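Chemist: Pasting a structure below so you can have a look.
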Amino acid sequence: MLDYPTFDFDQVDFVTSDTHFSHARISELAGRPYSTVEEMNDDLVRRWNDTASPSSVVLHLGDVALGPIEESIALTARLNGRRLLVPGNHDRVSPATQSKRAIERFLPKYEAAGWEILPEVIEGTRRGYRIIASHYPYAGDSQEQDRHTSHRPRWDDGIPLLHGHTHARDYGPNGHQFHVGVDAHDFAPIPFSVIDAWIRSLPGIETRLQTAVREAREVIADLDDTPPSNMDLMFFMQAYDELHMHLEELLEALRSQTSPERRSS
């Protein structure tokens, strides 16, 4: 079963993170090639709009803007496309750093600028492959110690994860993680086709349907290998519950593979 709020990654055209609009010190901290914050803002908007069209769907994995938030978040209304935001620690709608009252206060400002706010961690499928997205990686940070660990995906169990937060400049993929921040990708959103190719290249990667079939077969094999004389009622009920869970996952994977939207994509 899915561990986090469900999201349809098949709708997304581009993914990015860590734009840090109006952050006066980000060029110094992250080594960006801008002499003023105004130059950075204008260039980020230009590169975004040269990449994404008004009809594009762009998934942003956090840290959209800093500085005076009324001004900085308002300028993001200039960005093309339908814009979906997974909050990062610097966003004023982040449960990791903001109180519930603060989030309620700032949410209308994000929505007025055209942002749709998503949960901190989302999970779903892309072309049949299971995928997770969060501002935070499984492990890693722009500082010496990992921050906000209680708000990250719990552990790396082989599911591909898209993330930002680290401001790394020299790579996107790293094991089962893919850093989508602008500092690593020419300060522009990444076409999701790049992510698709990376997922298919991962060793041993399975579609959600393949995983569900394999896990259901493993449960059945365990049942077949257990001598009936040792199969007391408690063991039988535990095995039944586990098999029922995997069958539900299998049916859900089948439904997602045969939905009208999936057939037309």
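FYI, nothing fancy with the structure tokens labels: chains A, B, ... in order, residues from 1 per chain, ligands from 1 as they appear.
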Can you list, as a list in words, every protein, DNA or RNA residue that comes within 9 Å of Arg92 of chain A when you count only C-alpha atoms, leaving out same-chain residues fewer than 5 positions away?
Modeler: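 Listing them by chain and then by number gives Leu66, Ile69, Pro87, Thr97, Gln98, Ala102, Ile103, Arg105, Phe106, Leu107 and Tyr110 of chain A.
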Chemist: Using the chain letters and numbers from this document, which residues of segment 34-63 of chain A does DSSP assign to strand (DSSP E or B), as a list in words?
Modeler: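 Answer for segment 34-63 of chain A, restricted to strand (DSSP E or B): Val57, Val58, Leu59 and His60 of chain A.
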Chemist: Keeping only C-alpha atoms, write the selected residues as a PDB file, in the first residue's frame.
Modeler:
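Written output follows (part_17.pdb):
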ATOM      1  CA  VAL A  57       2.036  21.539 -15.133  1.00  0.00           C
ATOM      2  CA  VAL A  58       5.084  22.281 -12.981  1.00  0.00           C
ATOM      3  CA  LEU A  59       5.789  20.516  -9.679  1.00  0.00           C
ATOM      4  CA  HIS A  60       7.923  22.664  -7.356  1.00  0.00           C
TER       5      HIS A  60
END
Chemist: Fewer than 4 positions away in the same chain doesn't count, so skip those; otherwise give me all residues within 7 Å of His163 of chain A, counting only C-alpha atoms, as a list in words.
Modeler: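 My reading of the contact set: Leu61, Ala133, Ser134, His135, Tyr136, Pro137, Phe178, His179 and Val180 of chain A.
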Chemist: For Arg82 of chain A, list every protein, DNA or RNA residue within 10 Å, evaluated using only C-alpha atoms, and leave out those in the same chain fewer than 6 positions away; present the list as an MDAnalysis selection string.
Modeler: chainID A and resid 12:13 52:59 114:116
Chemist: Output C-alpha atoms for every residue in that selection, as a compact mmCIF listing (two decimals), in the first residue's frame.
Modeler:
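This went into part.txt:
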# COMPACT_ATOMS: atom_id res chain seq x y z
CA VAL A 12 3.34 16.67 -14.46
CA ASP A 13 5.39 18.15 -17.32
CA ALA A 52 7.32 25.90 -19.38
CA SER A 53 4.31 27.09 -21.37
CA PRO A 54 1.09 28.53 -19.87
CA SER A 55 -0.51 25.08 -20.28
CA SER A 56 2.33 23.17 -18.56
CA VAL A 57 2.04 21.54 -15.13
CA VAL A 58 5.08 22.28 -12.98
CA LEU A 59 5.79 20.52 -9.68
CA GLY A 114 -1.31 30.79 -8.35
CA TRP A 115 0.20 28.06 -6.16
CA GLU A 116 -1.61 24.85 -5.23
Chemist: Find the spatial neighbours of Leu79 of chain A, counting only C-alpha atoms, within a cut-off of 8 Å - ignore same-chain residues fewer than 2 positions away - and output them as a PyMOL selection string.
Modeler: chain A and resi 45+48-49+76-77+81
Chemist: Return the single residue from A:Ile199, A:Ala216, A:Leu118, A:Leu84 that is closest to Gln177 of chain A, with distances computed using only C-alpha atoms.
Modeler: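 For Gln177 of chain A, the nearest of the candidates is A:Ile199.
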